Amino acid sequence: MFEFLWWWAFVLLPLPWLISRVARPVEPSARVFLPVLPKQATRQPSRRWPVILACLCWGCLIAAIARPVWFGDPVQIQPEHRDMLLAVDLSGSMSTEDMVDEDGQSIDRLTSVKQVVSDFISQRQGDRLGLVLFANHAYLQTPLTFDLNTVKQQLNRSVLGLIGQSTAIGEGLGIATKSFINSENAQRVIVLLSDGANTSGVIAPMEAATLAAENQVKIYTVGIGADEMIEQSFFSRRIVNPSQDLDEKTLTQIATLTGGQYFRARNPEQLARIYQSINDLEPVSSASQTWRPQEELFRIPLAVALLLSVMLAIHWRHYG
């Protein structure tokens, strides 16, 4: 939408005419009479064009003073948001195909996590998210950002075996907690997903959890993996527990120490409900503010006025 913010400036439009009516006329200089006019002087210049150019120039100057502005579409912003770090396990056991998708096909744990967590990220409009990946060691893949598409892309690009086969839960929590050091947001949350026990890293899980609690960071832990799985051998089939290495006790202690909660996901449906539950447990203020982007356009009439003034100067210089 186009608007003049200082529309009252247009009352100055008749000012030159008023001055011409009130001010005393300038005394003409003495005339010089020549018996024969030079050839270049036989053509009288038009008096209409200088007046038109001067009026247009003055009108453009007033339009620039009136501050023309173009307003864009309203944009709603939330003054409050959550800071949330997603810590995802990339250890070798995440390749276990004990999860079943909507089509009844067996998929590995990491594929299931990517599907569910990608939807979770898309629904976090207004929140600031980051991504930590851990296996032998932990890495901050994406710092806290409002760019949710980047977080989603980095998660979907993650592959197993990129940073080892072990599980450094403590290091993953430590890196995630460190990312909150410069954050002043009251809602600082880590969602840690793992399918095993801490077998690597330079810091113990409970030590990292204590550090998080001291910095008012809440941790929600998610243990992923089915309770039973049919394993086909050459001669027979048997039922095994693919989640026997899952350290639920430590994950529960981590969540309890920081005021969070432990969840167990045995299939993609449960995992989706868990992430929705985490969203409900960490509500964000619904207060919003509306902001309309605006672009100042005074440069356009000002540039036109400059061009017209140059044309007027050339005219007077040519015809005197």
# chains A, B, ... in the order shown; residues from 1 in each chain; ligands from 1
call {"tool": "residues_around", "arguments": {"residues": "segment 310-314 of chain A", "least_positions_apart": "3", "cutoff": "7 Å", "atoms": "only C-alpha atoms", "output": "NGL selection string"}}
result
:A and (50 or 53 or 306-307 or 317-318)
call {"tool": "write_last_selection", "arguments": {"atoms": "all heavy atoms", "output": "compact mmCIF listing (two decimals), in the first residue's frame"}}
result
# COMPACT_ATOMS: atom_id res chain seq x y z
N PRO A 50 9.62 26.84 -19.52
CA PRO A 50 10.29 27.09 -18.23
C PRO A 50 9.31 27.07 -17.06
O PRO A 50 9.63 26.57 -15.98
CB PRO A 50 10.92 28.46 -18.42
CG PRO A 50 11.11 28.60 -19.88
CD PRO A 50 9.95 27.90 -20.50
N LEU A 53 8.37 23.38 -16.41
CA LEU A 53 9.47 22.67 -15.75
C LEU A 53 9.62 23.09 -14.29
O LEU A 53 9.85 22.25 -13.41
CB LEU A 53 10.77 22.92 -16.51
CG LEU A 53 10.90 22.28 -17.89
CD1 LEU A 53 12.21 22.71 -18.56
CD2 LEU A 53 10.85 20.76 -17.78
N LEU A 306 15.67 16.81 -9.48
CA LEU A 306 17.03 17.14 -9.88
C LEU A 306 17.16 17.16 -11.39
O LEU A 306 17.78 18.07 -11.97
CB LEU A 306 18.01 16.13 -9.27
CG LEU A 306 19.49 16.31 -9.64
CD1 LEU A 306 19.98 17.67 -9.16
CD2 LEU A 306 20.33 15.18 -9.04
N LEU A 307 16.55 16.18 -12.06
CA LEU A 307 16.60 16.13 -13.52
C LEU A 307 15.90 17.34 -14.14
O LEU A 307 16.40 17.95 -15.09
CB LEU A 307 15.95 14.83 -14.00
CG LEU A 307 15.87 14.63 -15.52
CD1 LEU A 307 17.27 14.59 -16.12
CD2 LEU A 307 15.12 13.34 -15.84
N ARG A 317 20.38 28.79 -19.79
CA ARG A 317 21.74 29.05 -20.27
C ARG A 317 21.75 29.22 -21.80
O ARG A 317 22.53 30.00 -22.35
CB ARG A 317 22.66 27.88 -19.86
CG ARG A 317 24.11 28.05 -20.31
CD ARG A 317 24.97 26.94 -19.80
NE ARG A 317 26.34 27.08 -20.25
CZ ARG A 317 27.26 27.82 -19.66
NH1 ARG A 317 26.94 28.50 -18.55
NH2 ARG A 317 28.48 27.91 -20.12
N HIS A 318 20.87 28.46 -22.43
CA HIS A 318 20.84 28.50 -23.91
C HIS A 318 20.18 29.77 -24.43
O HIS A 318 20.64 30.39 -25.40
CB HIS A 318 20.12 27.27 -24.45
CG HIS A 318 20.09 27.20 -25.93
ND1 HIS A 318 21.21 26.97 -26.70
CD2 HIS A 318 19.06 27.37 -26.82
CE1 HIS A 318 20.90 26.97 -27.98
NE2 HIS A 318 19.59 27.22 -28.09
call {"tool": "select_by_dssp", "arguments": {"residues": "segment 53-162 of chain A", "states": "strand (DSSP E)", "output": "PyMOL selection string"}}
result
chain A and resi 68-71+75-77+83-89+99-100+106-107+128-134+138-145
call {"tool": "atom_distance", "arguments": {"atom1": "atom CA of Trp17 of chain A", "atom2": "atom CA of Val69 of chain A"}}
result
27.9 Å
call {"tool": "closest_residue", "arguments": {"among": "A:Cys55, A:Val222, A:Leu131, A:Leu5", "to": "Phe71 of chain A", "atoms": "only C-alpha atoms"}}
result
A:Leu5
call {"tool": "residues_around", "arguments": {"residues": "Thr167 of chain A", "least_positions_apart": "6", "cutoff": "10 Å", "atoms": "only C-alpha atoms", "output": "tab-separated table (two decimals) with all heavy atoms, in the first residue's frame"}}
result
chain	number	residue	atom	x	y	z
A	89	ASP	N	21.23	-39.36	17.81
A	89	ASP	CA	22.22	-40.44	17.84
A	89	ASP	C	22.48	-40.92	16.41
A	89	ASP	O	21.55	-41.25	15.67
A	89	ASP	CB	21.67	-41.58	18.70
A	89	ASP	CG	22.72	-42.65	18.98
A	89	ASP	OD1	23.76	-42.66	18.31
A	89	ASP	OD2	22.47	-43.48	19.87
A	90	LEU	N	23.77	-40.96	16.03
A	90	LEU	CA	24.16	-41.50	14.71
A	90	LEU	C	25.06	-42.72	14.85
A	90	LEU	O	25.84	-43.02	13.95
A	90	LEU	CB	24.89	-40.43	13.89
A	90	LEU	CG	24.06	-39.32	13.22
A	90	LEU	CD1	24.95	-38.48	12.32
A	90	LEU	CD2	22.90	-39.89	12.44
A	91	SER	N	24.92	-43.43	15.96
A	91	SER	CA	25.75	-44.62	16.16
A	91	SER	C	25.33	-45.74	15.21
A	91	SER	O	24.27	-45.69	14.58
A	91	SER	CB	25.64	-45.09	17.61
A	91	SER	OG	24.30	-45.44	17.92
A	92	GLY	N	26.16	-46.77	15.13
A	92	GLY	CA	25.90	-47.86	14.19
A	92	GLY	C	24.60	-48.59	14.43
A	92	GLY	O	23.97	-49.10	13.49
A	93	SER	N	24.14	-48.65	15.69
A	93	SER	CA	22.90	-49.38	16.00
A	93	SER	C	21.66	-48.69	15.42
A	93	SER	O	20.59	-49.30	15.35
A	93	SER	CB	22.74	-49.54	17.51
A	93	SER	OG	22.80	-48.28	18.15
A	134	PHE	N	25.72	-37.00	17.30
A	134	PHE	CA	26.76	-37.64	18.09
A	134	PHE	C	26.84	-39.13	17.78
A	134	PHE	O	25.85	-39.80	17.48
A	134	PHE	CB	26.52	-37.43	19.60
A	134	PHE	CG	25.24	-38.02	20.13
A	134	PHE	CD1	25.22	-39.29	20.67
A	134	PHE	CD2	24.06	-37.29	20.12
A	134	PHE	CE1	24.05	-39.84	21.19
A	134	PHE	CE2	22.89	-37.82	20.62
A	134	PHE	CZ	22.88	-39.10	21.15
A	135	ALA	N	28.07	-39.63	17.82
A	135	ALA	CA	28.39	-41.06	17.70
A	135	ALA	C	29.65	-41.27	18.54
A	135	ALA	O	29.57	-41.22	19.75
A	135	ALA	CB	28.59	-41.48	16.24
A	136	ASN	N	30.82	-41.45	17.88
A	136	ASN	CA	32.06	-41.51	18.67
A	136	ASN	C	32.30	-40.21	19.42
A	136	ASN	O	32.82	-40.19	20.53
A	136	ASN	CB	33.24	-41.79	17.75
A	136	ASN	CG	33.28	-43.24	17.28
A	136	ASN	OD1	32.31	-43.97	17.47
A	136	ASN	ND2	34.37	-43.66	16.67
A	137	HIS	N	31.96	-39.11	18.76
A	137	HIS	CA	32.04	-37.77	19.36
A	137	HIS	C	30.80	-36.99	18.94
A	137	HIS	O	30.01	-37.44	18.11
A	137	HIS	CB	33.32	-37.05	18.91
A	137	HIS	CG	34.58	-37.71	19.36
A	137	HIS	ND1	35.03	-37.64	20.65
A	137	HIS	CD2	35.48	-38.47	18.68
A	137	HIS	CE1	36.16	-38.32	20.78
A	137	HIS	NE2	36.46	-38.83	19.59
A	138	ALA	N	30.62	-35.82	19.51
A	138	ALA	CA	29.45	-34.99	19.22
A	138	ALA	C	29.89	-33.75	18.46
A	138	ALA	O	30.99	-33.22	18.67
A	138	ALA	CB	28.75	-34.59	20.52
A	194	SER	N	18.27	-41.37	21.54
A	194	SER	CA	19.33	-42.38	21.46
A	194	SER	C	18.72	-43.77	21.52
A	194	SER	O	17.60	-43.95	22.02
A	194	SER	CB	20.34	-42.19	22.59
A	194	SER	OG	21.35	-43.19	22.54
A	195	ASP	N	19.47	-44.74	21.02
A	195	ASP	CA	18.98	-46.13	21.06
A	195	ASP	C	19.95	-47.05	21.83
A	195	ASP	O	19.84	-48.27	21.72
A	195	ASP	CB	18.78	-46.67	19.65
A	195	ASP	CG	20.10	-46.82	18.89
A	195	ASP	OD1	21.12	-46.23	19.32
A	195	ASP	OD2	20.11	-47.52	17.87
A	196	GLY	N	20.87	-46.45	22.57
A	196	GLY	CA	21.87	-47.27	23.24
A	196	GLY	C	22.32	-46.71	24.56
A	196	GLY	O	21.60	-45.97	25.23
A	197	ALA	N	23.53	-47.04	24.94
A	197	ALA	CA	24.14	-46.57	26.18
A	197	ALA	C	25.41	-45.80	25.84
A	197	ALA	O	25.96	-45.92	24.75
A	197	ALA	CB	24.47	-47.76	27.09
A	198	ASN	N	25.86	-44.99	26.80
A	198	ASN	CA	27.07	-44.19	26.58
A	198	ASN	C	28.30	-45.09	26.52
A	198	ASN	O	28.65	-45.78	27.49
A	198	ASN	CB	27.22	-43.18	27.71
A	198	ASN	CG	28.32	-42.18	27.44
A	198	ASN	OD1	28.15	-41.26	26.66
A	198	ASN	ND2	29.47	-42.36	28.09
A	199	THR	N	28.94	-45.13	25.36
A	199	THR	CA	30.13	-45.99	25.18
A	199	THR	C	31.33	-45.20	24.68
A	199	THR	O	32.36	-45.80	24.35
A	199	THR	CB	29.82	-47.12	24.17
A	199	THR	OG1	29.39	-46.54	22.93
A	199	THR	CG2	28.73	-48.03	24.70
A	200	SER	N	31.22	-43.88	24.60
A	200	SER	CA	32.33	-43.08	24.08
A	200	SER	C	32.21	-41.67	24.62
A	200	SER	O	31.30	-41.34	25.38
A	200	SER	CB	32.28	-43.09	22.54
A	200	SER	OG	33.38	-42.39	22.00
A	201	GLY	N	33.15	-40.82	24.22
A	201	GLY	CA	33.11	-39.42	24.63
A	201	GLY	C	34.00	-39.12	25.80
A	201	GLY	O	34.51	-40.01	26.49
call {"tool": "select_by_dssp", "arguments": {"residues": "segment 23-178 of chain A", "states": "alpha helix (DSSP H)", "output": "ChimeraX atom specification"}}
result
/A:48-65,109-122,148-157,169-178
call {"tool": "residues_around", "arguments": {"residues": "segment 141-143 of chain A", "least_positions_apart": "6", "cutoff": "12 Å", "atoms": "only C-alpha atoms", "output": "VMD selection string"}}
result
chain A and resid 83 to 88 128 to 134 149 to 158 163 172 175 to 180 182 to 183
call {"tool": "closest_residue", "arguments": {"among": "A:Ala23, A:Leu18, A:Leu13, A:Ala204", "to": "Leu61 of chain A", "atoms": "only C-alpha atoms"}}
result
A:Leu13
call {"tool": "atom_distance", "arguments": {"atom1": "atom CA of Arg266 of chain A", "atom2": "atom CA of Ser122 of chain A"}}
result
22.8 Å
call {"tool": "residues_around", "arguments": {"residues": "Trp7 of chain A", "least_positions_apart": "2", "cutoff": "12 Å", "atoms": "only C-alpha atoms", "output": "short mmCIF file (atom, residue, chain, number, x, y, z; two decimals) with C-alpha atoms, in the first residue's frame"}}
result
data_model
loop_
_atom_site.label_atom_id
_atom_site.label_comp_id
_atom_site.auth_asym_id
_atom_site.auth_seq_id
_atom_site.Cartn_x
_atom_site.Cartn_y
_atom_site.Cartn_z
CA GLU A 3 0.97 6.37 1.42
CA PHE A 4 2.33 9.87 2.09
CA LEU A 5 3.25 9.97 5.79
CA ALA A 9 3.43 19.11 3.13
CA PHE A 10 1.23 19.50 0.05
CA VAL A 11 -0.17 22.75 1.53
CA LEU A 12 3.15 24.26 0.38
CA LEU A 13 2.31 23.68 -3.30
CA ILE A 62 6.99 18.73 -2.21
CA ALA A 63 6.23 15.07 -2.97
CA ALA A 64 9.67 14.11 -1.59
CA ILE A 65 9.08 16.21 1.54
CA ALA A 66 5.69 14.49 2.03
CA ARG A 67 7.65 11.24 2.58
CA PRO A 68 6.12 8.70 0.21
CA VAL A 69 6.26 5.16 1.62
#
call {"tool": "atom_distance", "arguments": {"atom1": "atom CA of Pro293 of chain A", "atom2": "atom CA of Leu144 of chain A"}}
result
24.8 Å
call {"tool": "closest_residue", "arguments": {"among": "A:Arg292, A:Ser277, A:Gly223, A:Asp98", "to": "Pro74 of chain A", "atoms": "only C-alpha atoms"}}
result
A:Arg292
call {"tool": "residues_around", "arguments": {"residues": "Ser95 of chain A", "least_positions_apart": "6", "cutoff": "8 Å", "atoms": "only C-alpha atoms", "output": "list in words"}}
result
Asp108, Arg109, Leu110 and Leu160 of chain A
call {"tool": "write_last_selection", "arguments": {"atoms": "N, CA and C atoms", "output": "short mmCIF file (atom, residue, chain, number, x, y, z; two decimals), in the first residue's frame"}}
result
data_model
loop_
_atom_site.label_atom_id
_atom_site.label_comp_id
_atom_site.auth_asym_id
_atom_site.auth_seq_id
_atom_site.Cartn_x
_atom_site.Cartn_y
_atom_site.Cartn_z
N ASP A 108 14.98 -48.56 8.88
CA ASP A 108 15.93 -48.43 9.99
C ASP A 108 15.53 -47.28 10.90
N ARG A 109 16.13 -47.23 12.06
CA ARG A 109 15.76 -46.25 13.07
C ARG A 109 16.04 -44.81 12.63
N LEU A 110 17.16 -44.61 11.97
CA LEU A 110 17.50 -43.25 11.56
C LEU A 110 16.51 -42.72 10.53
N LEU A 160 24.73 -42.53 8.56
CA LEU A 160 25.36 -43.38 9.57
C LEU A 160 26.81 -43.64 9.22
#
call {"tool": "closest_atom_pairs", "arguments": {"of": "segment 169-213 of chain A", "to": "segment 235-257 of chain A", "cutoff": "10 Å", "atoms": "only C-alpha atoms", "output": "JSON lines"}}
result
{"residue": "A:Ile169", "atom": "CA", "partner": "A:Leu251", "partner_atom": "CA", "distance": 9.4}
{"residue": "A:Gly170", "atom": "CA", "partner": "A:Ile254", "partner_atom": "CA", "distance": 9.9}
{"residue": "A:Leu173", "atom": "CA", "partner": "A:Ile254", "partner_atom": "CA", "distance": 9.8}
{"residue": "A:Ile190", "atom": "CA", "partner": "A:Ala255", "partner_atom": "CA", "distance": 9.8}
{"residue": "A:Val191", "atom": "CA", "partner": "A:Ala255", "partner_atom": "CA", "distance": 9.7}
{"residue": "A:Leu192", "atom": "CA", "partner": "A:Leu251", "partner_atom": "CA", "distance": 8.9}
{"residue": "A:Leu193", "atom": "CA", "partner": "A:Leu251", "partner_atom": "CA", "distance": 9.4}
{"residue": "A:Ser194", "atom": "CA", "partner": "A:Leu246", "partner_atom": "CA", "distance": 7.9}
{"residue": "A:Asp195", "atom": "CA", "partner": "A:Leu246", "partner_atom": "CA", "distance": 5.4}
{"residue": "A:Gly196", "atom": "CA", "partner": "A:Leu246", "partner_atom": "CA", "distance": 4.0}
{"residue": "A:Ala197", "atom": "CA", "partner": "A:Asp247", "partner_atom": "CA", "distance": 4.9}
{"residue": "A:Asn198", "atom": "CA", "partner": "A:Asp247", "partner_atom": "CA", "distance": 8.0}
{"residue": "A:Pro205", "atom": "CA", "partner": "A:Ile254", "partner_atom": "CA", "distance": 7.4}
{"residue": "A:Met206", "atom": "CA", "partner": "A:Ile254", "partner_atom": "CA", "distance": 6.3}
{"residue": "A:Glu207", "atom": "CA", "partner": "A:Ile254", "partner_atom": "CA", "distance": 9.4}
{"residue": "A:Ala208", "atom": "CA", "partner": "A:Ile254", "partner_atom": "CA", "distance": 8.7}
{"residue": "A:Ala209", "atom": "CA", "partner": "A:Ile254", "partner_atom": "CA", "distance": 5.6}
{"residue": "A:Thr210", "atom": "CA", "partner": "A:Leu257", "partner_atom": "CA", "distance": 7.2}
{"residue": "A:Ala212", "atom": "CA", "partner": "A:Leu257", "partner_atom": "CA", "distance": 9.1}
{"residue": "A:Ala213", "atom": "CA", "partner": "A:Leu257", "partner_atom": "CA", "distance": 6.8}
call {"tool": "write_last_selection", "arguments": {"atoms": "C-alpha atoms", "output": "PDB file, in the first residue's frame"}}
result
ATOM      1  CA  ILE A 169      25.568 -39.382  24.941  1.00  0.00           C
ATOM      2  CA  GLY A 170      27.402 -37.265  27.522  1.00  0.00           C
ATOM      3  CA  LEU A 173      24.527 -33.217  25.949  1.00  0.00           C
ATOM      4  CA  ILE A 190      17.334 -30.215  24.728  1.00  0.00           C
ATOM      5  CA  VAL A 191      15.577 -33.169  23.105  1.00  0.00           C
ATOM      6  CA  LEU A 192      18.007 -36.091  23.113  1.00  0.00           C
ATOM      7  CA  LEU A 193      17.257 -39.224  21.085  1.00  0.00           C
ATOM      8  CA  SER A 194      19.329 -42.376  21.458  1.00  0.00           C
ATOM      9  CA  ASP A 195      18.984 -46.128  21.065  1.00  0.00           C
ATOM     10  CA  GLY A 196      21.867 -47.273  23.243  1.00  0.00           C
ATOM     11  CA  ALA A 197      24.136 -46.573  26.185  1.00  0.00           C
ATOM     12  CA  ASN A 198      27.069 -44.188  26.579  1.00  0.00           C
ATOM     13  CA  PRO A 205      26.093 -38.428  30.743  1.00  0.00           C
ATOM     14  CA  MET A 206      25.219 -37.522  34.354  1.00  0.00           C
ATOM     15  CA  GLU A 207      28.054 -35.013  34.520  1.00  0.00           C
ATOM     16  CA  ALA A 208      26.697 -33.337  31.383  1.00  0.00           C
ATOM     17  CA  ALA A 209      23.174 -33.449  32.825  1.00  0.00           C
ATOM     18  CA  THR A 210      24.386 -31.744  36.016  1.00  0.00           C
ATOM     19  CA  ALA A 212      22.666 -28.558  32.056  1.00  0.00           C
ATOM     20  CA  ALA A 213      20.701 -28.355  35.298  1.00  0.00           C
TER      21      ALA A 213
END
call {"tool": "closest_residue", "arguments": {"among": "A:Ala168, A:Ile19, A:Leu56, A:Val51", "to": "Leu308 of chain A", "atoms": "only C-alpha atoms"}}
result
A:Leu56
call {"tool": "residues_around", "arguments": {"residues": "Ala265 of chain A", "least_positions_apart": "2", "cutoff": "9 Å", "atoms": "only C-alpha atoms", "output": "VMD selection string"}}
result
chain A and resid 222 to 226 263 267 to 274
call {"tool": "write_last_selection", "arguments": {"atoms": "all heavy atoms", "output": "short mmCIF file (atom, residue, chain, number, x, y, z; two decimals), in the first residue's frame"}}
result
data_model
loop_
_atom_site.label_atom_id
_atom_site.label_comp_id
_atom_site.auth_asym_id
_atom_site.auth_seq_id
_atom_site.Cartn_x
_atom_site.Cartn_y
_atom_site.Cartn_z
N VAL A 222 14.61 -39.42 24.76
CA VAL A 222 13.77 -40.35 24.01
C VAL A 222 14.60 -41.59 23.70
O VAL A 222 15.66 -41.50 23.06
CB VAL A 222 13.25 -39.73 22.69
CG1 VAL A 222 12.38 -40.73 21.94
CG2 VAL A 222 12.48 -38.44 22.97
N GLY A 223 14.12 -42.74 24.16
CA GLY A 223 14.76 -44.01 23.83
C GLY A 223 14.02 -44.65 22.67
O GLY A 223 12.80 -44.85 22.73
N ILE A 224 14.73 -44.96 21.59
CA ILE A 224 14.08 -45.48 20.39
C ILE A 224 14.52 -46.92 20.13
O ILE A 224 15.66 -47.28 20.38
CB ILE A 224 14.39 -44.59 19.16
CG1 ILE A 224 13.60 -45.06 17.94
CG2 ILE A 224 15.87 -44.53 18.88
CD1 ILE A 224 13.72 -44.13 16.75
N GLY A 225 13.58 -47.72 19.63
CA GLY A 225 13.89 -49.11 19.30
C GLY A 225 12.76 -50.03 19.72
O GLY A 225 12.13 -49.83 20.77
N ALA A 226 12.48 -51.02 18.90
CA ALA A 226 11.42 -51.99 19.21
C ALA A 226 11.85 -52.93 20.33
O ALA A 226 13.04 -53.13 20.58
CB ALA A 226 11.06 -52.77 17.95
N PHE A 263 10.92 -40.56 27.50
CA PHE A 263 9.90 -41.19 26.67
C PHE A 263 10.50 -42.42 26.00
O PHE A 263 11.70 -42.48 25.73
CB PHE A 263 9.40 -40.22 25.59
CG PHE A 263 8.75 -38.98 26.14
CD1 PHE A 263 9.51 -37.83 26.34
CD2 PHE A 263 7.40 -38.95 26.43
CE1 PHE A 263 8.92 -36.68 26.83
CE2 PHE A 263 6.80 -37.80 26.92
CZ PHE A 263 7.57 -36.66 27.13
N ASN A 267 7.95 -47.47 17.94
CA ASN A 267 7.57 -47.42 16.53
C ASN A 267 7.41 -45.96 16.12
O ASN A 267 7.39 -45.06 16.97
CB ASN A 267 6.27 -48.21 16.28
CG ASN A 267 5.15 -47.77 17.22
OD1 ASN A 267 4.74 -46.62 17.20
ND2 ASN A 267 4.67 -48.70 18.04
N PRO A 268 7.31 -45.70 14.82
CA PRO A 268 7.21 -44.30 14.36
C PRO A 268 6.00 -43.56 14.92
O PRO A 268 6.08 -42.35 15.17
CB PRO A 268 7.12 -44.44 12.83
CG PRO A 268 7.78 -45.75 12.54
CD PRO A 268 7.45 -46.64 13.69
N GLU A 269 4.87 -44.26 15.12
CA GLU A 269 3.68 -43.60 15.65
C GLU A 269 3.92 -43.10 17.07
O GLU A 269 3.56 -41.96 17.42
CB GLU A 269 2.48 -44.56 15.63
CG GLU A 269 1.95 -44.91 14.26
CD GLU A 269 2.84 -45.88 13.51
OE1 GLU A 269 3.69 -46.55 14.16
OE2 GLU A 269 2.71 -45.99 12.27
N GLN A 270 4.54 -43.93 17.89
CA GLN A 270 4.86 -43.50 19.25
C GLN A 270 5.85 -42.34 19.24
O GLN A 270 5.75 -41.42 20.04
CB GLN A 270 5.42 -44.68 20.06
CG GLN A 270 4.41 -45.74 20.43
CD GLN A 270 5.00 -46.82 21.30
OE1 GLN A 270 6.21 -46.88 21.53
NE2 GLN A 270 4.15 -47.72 21.80
N LEU A 271 6.81 -42.40 18.34
CA LEU A 271 7.81 -41.33 18.26
C LEU A 271 7.15 -40.01 17.90
O LEU A 271 7.49 -38.96 18.47
CB LEU A 271 8.87 -41.70 17.22
CG LEU A 271 10.06 -40.74 17.08
CD1 LEU A 271 10.81 -40.63 18.40
CD2 LEU A 271 11.00 -41.22 15.97
N ALA A 272 6.19 -40.04 16.97
CA ALA A 272 5.49 -38.82 16.57
C ALA A 272 4.69 -38.26 17.74
O ALA A 272 4.66 -37.03 17.97
CB ALA A 272 4.58 -39.10 15.38
N ARG A 273 4.03 -39.15 18.50
CA ARG A 273 3.25 -38.69 19.66
C ARG A 273 4.16 -38.11 20.74
O ARG A 273 3.78 -37.15 21.43
CB ARG A 273 2.41 -39.84 20.23
CG ARG A 273 1.23 -40.24 19.35
CD ARG A 273 0.23 -41.08 20.14
NE ARG A 273 0.81 -42.36 20.55
CZ ARG A 273 0.74 -43.47 19.82
NH1 ARG A 273 0.12 -43.46 18.65
NH2 ARG A 273 1.28 -44.59 20.28
N ILE A 274 5.34 -38.67 20.88
CA ILE A 274 6.29 -38.16 21.87
C ILE A 274 6.70 -36.73 21.56
O ILE A 274 6.69 -35.85 22.44
CB ILE A 274 7.52 -39.08 21.95
CG1 ILE A 274 7.15 -40.40 22.63
CG2 ILE A 274 8.67 -38.40 22.70
CD1 ILE A 274 8.23 -41.46 22.54
#
call {"tool": "decode", "arguments": {"residues": "segment 82-93 of chain A", "atoms": "N, CA, C and O atoms", "output": "PDB file, in the first residue's frame"}}
result
ATOM      1  N   ARG A  82      11.034 -20.309  21.848  1.00  0.00           N
ATOM      2  CA  ARG A  82      11.807 -21.335  22.529  1.00  0.00           C
ATOM      3  C   ARG A  82      13.157 -21.502  21.850  1.00  0.00           C
ATOM      4  O   ARG A  82      13.257 -21.392  20.637  1.00  0.00           O
ATOM      5  N   ASP A  83      14.162 -21.789  22.656  1.00  0.00           N
ATOM      6  CA  ASP A  83      15.455 -22.227  22.136  1.00  0.00           C
ATOM      7  C   ASP A  83      15.534 -23.729  22.360  1.00  0.00           C
ATOM      8  O   ASP A  83      15.506 -24.193  23.505  1.00  0.00           O
ATOM      9  N   MET A  84      15.616 -24.497  21.284  1.00  0.00           N
ATOM     10  CA  MET A  84      15.565 -25.951  21.393  1.00  0.00           C
ATOM     11  C   MET A  84      16.684 -26.581  20.583  1.00  0.00           C
ATOM     12  O   MET A  84      16.841 -26.292  19.396  1.00  0.00           O
ATOM     13  N   LEU A  85      17.470 -27.453  21.230  1.00  0.00           N
ATOM     14  CA  LEU A  85      18.523 -28.215  20.570  1.00  0.00           C
ATOM     15  C   LEU A  85      18.054 -29.656  20.402  1.00  0.00           C
ATOM     16  O   LEU A  85      17.602 -30.280  21.362  1.00  0.00           O
ATOM     17  N   LEU A  86      18.156 -30.174  19.194  1.00  0.00           N
ATOM     18  CA  LEU A  86      17.828 -31.568  18.913  1.00  0.00           C
ATOM     19  C   LEU A  86      19.132 -32.350  18.848  1.00  0.00           C
ATOM     20  O   LEU A  86      19.972 -32.081  17.982  1.00  0.00           O
ATOM     21  N   ALA A  87      19.327 -33.289  19.767  1.00  0.00           N
ATOM     22  CA  ALA A  87      20.532 -34.118  19.795  1.00  0.00           C
ATOM     23  C   ALA A  87      20.154 -35.508  19.300  1.00  0.00           C
ATOM     24  O   ALA A  87      19.353 -36.203  19.929  1.00  0.00           O
ATOM     25  N   VAL A  88      20.726 -35.909  18.159  1.00  0.00           N
ATOM     26  CA  VAL A  88      20.332 -37.150  17.486  1.00  0.00           C
ATOM     27  C   VAL A  88      21.509 -38.117  17.453  1.00  0.00           C
ATOM     28  O   VAL A  88      22.621 -37.750  17.072  1.00  0.00           O
ATOM     29  N   ASP A  89      21.226 -39.358  17.810  1.00  0.00           N
ATOM     30  CA  ASP A  89      22.217 -40.435  17.835  1.00  0.00           C
ATOM     31  C   ASP A  89      22.483 -40.924  16.411  1.00  0.00           C
ATOM     32  O   ASP A  89      21.548 -41.248  15.668  1.00  0.00           O
ATOM     33  N   LEU A  90      23.774 -40.962  16.027  1.00  0.00           N
ATOM     34  CA  LEU A  90      24.160 -41.495  14.712  1.00  0.00           C
ATOM     35  C   LEU A  90      25.059 -42.721  14.851  1.00  0.00           C
ATOM     36  O   LEU A  90      25.841 -43.018  13.954  1.00  0.00           O
ATOM     37  N   SER A  91      24.921 -43.434  15.963  1.00  0.00           N
ATOM     38  CA  SER A  91      25.752 -44.622  16.160  1.00  0.00           C
ATOM     39  C   SER A  91      25.335 -45.735  15.214  1.00  0.00           C
ATOM     40  O   SER A  91      24.270 -45.685  14.582  1.00  0.00           O
ATOM     41  N   GLY A  92      26.163 -46.774  15.128  1.00  0.00           N
ATOM     42  CA  GLY A  92      25.904 -47.863  14.191  1.00  0.00           C
ATOM     43  C   GLY A  92      24.598 -48.588  14.429  1.00  0.00           C
ATOM     44  O   GLY A  92      23.971 -49.104  13.495  1.00  0.00           O
ATOM     45  N   SER A  93      24.144 -48.652  15.690  1.00  0.00           N
ATOM     46  CA  SER A  93      22.898 -49.375  15.996  1.00  0.00           C
ATOM     47  C   SER A  93      21.663 -48.686  15.421  1.00  0.00           C
ATOM     48  O   SER A  93      20.590 -49.300  15.351  1.00  0.00           O
TER      49      SER A  93
END
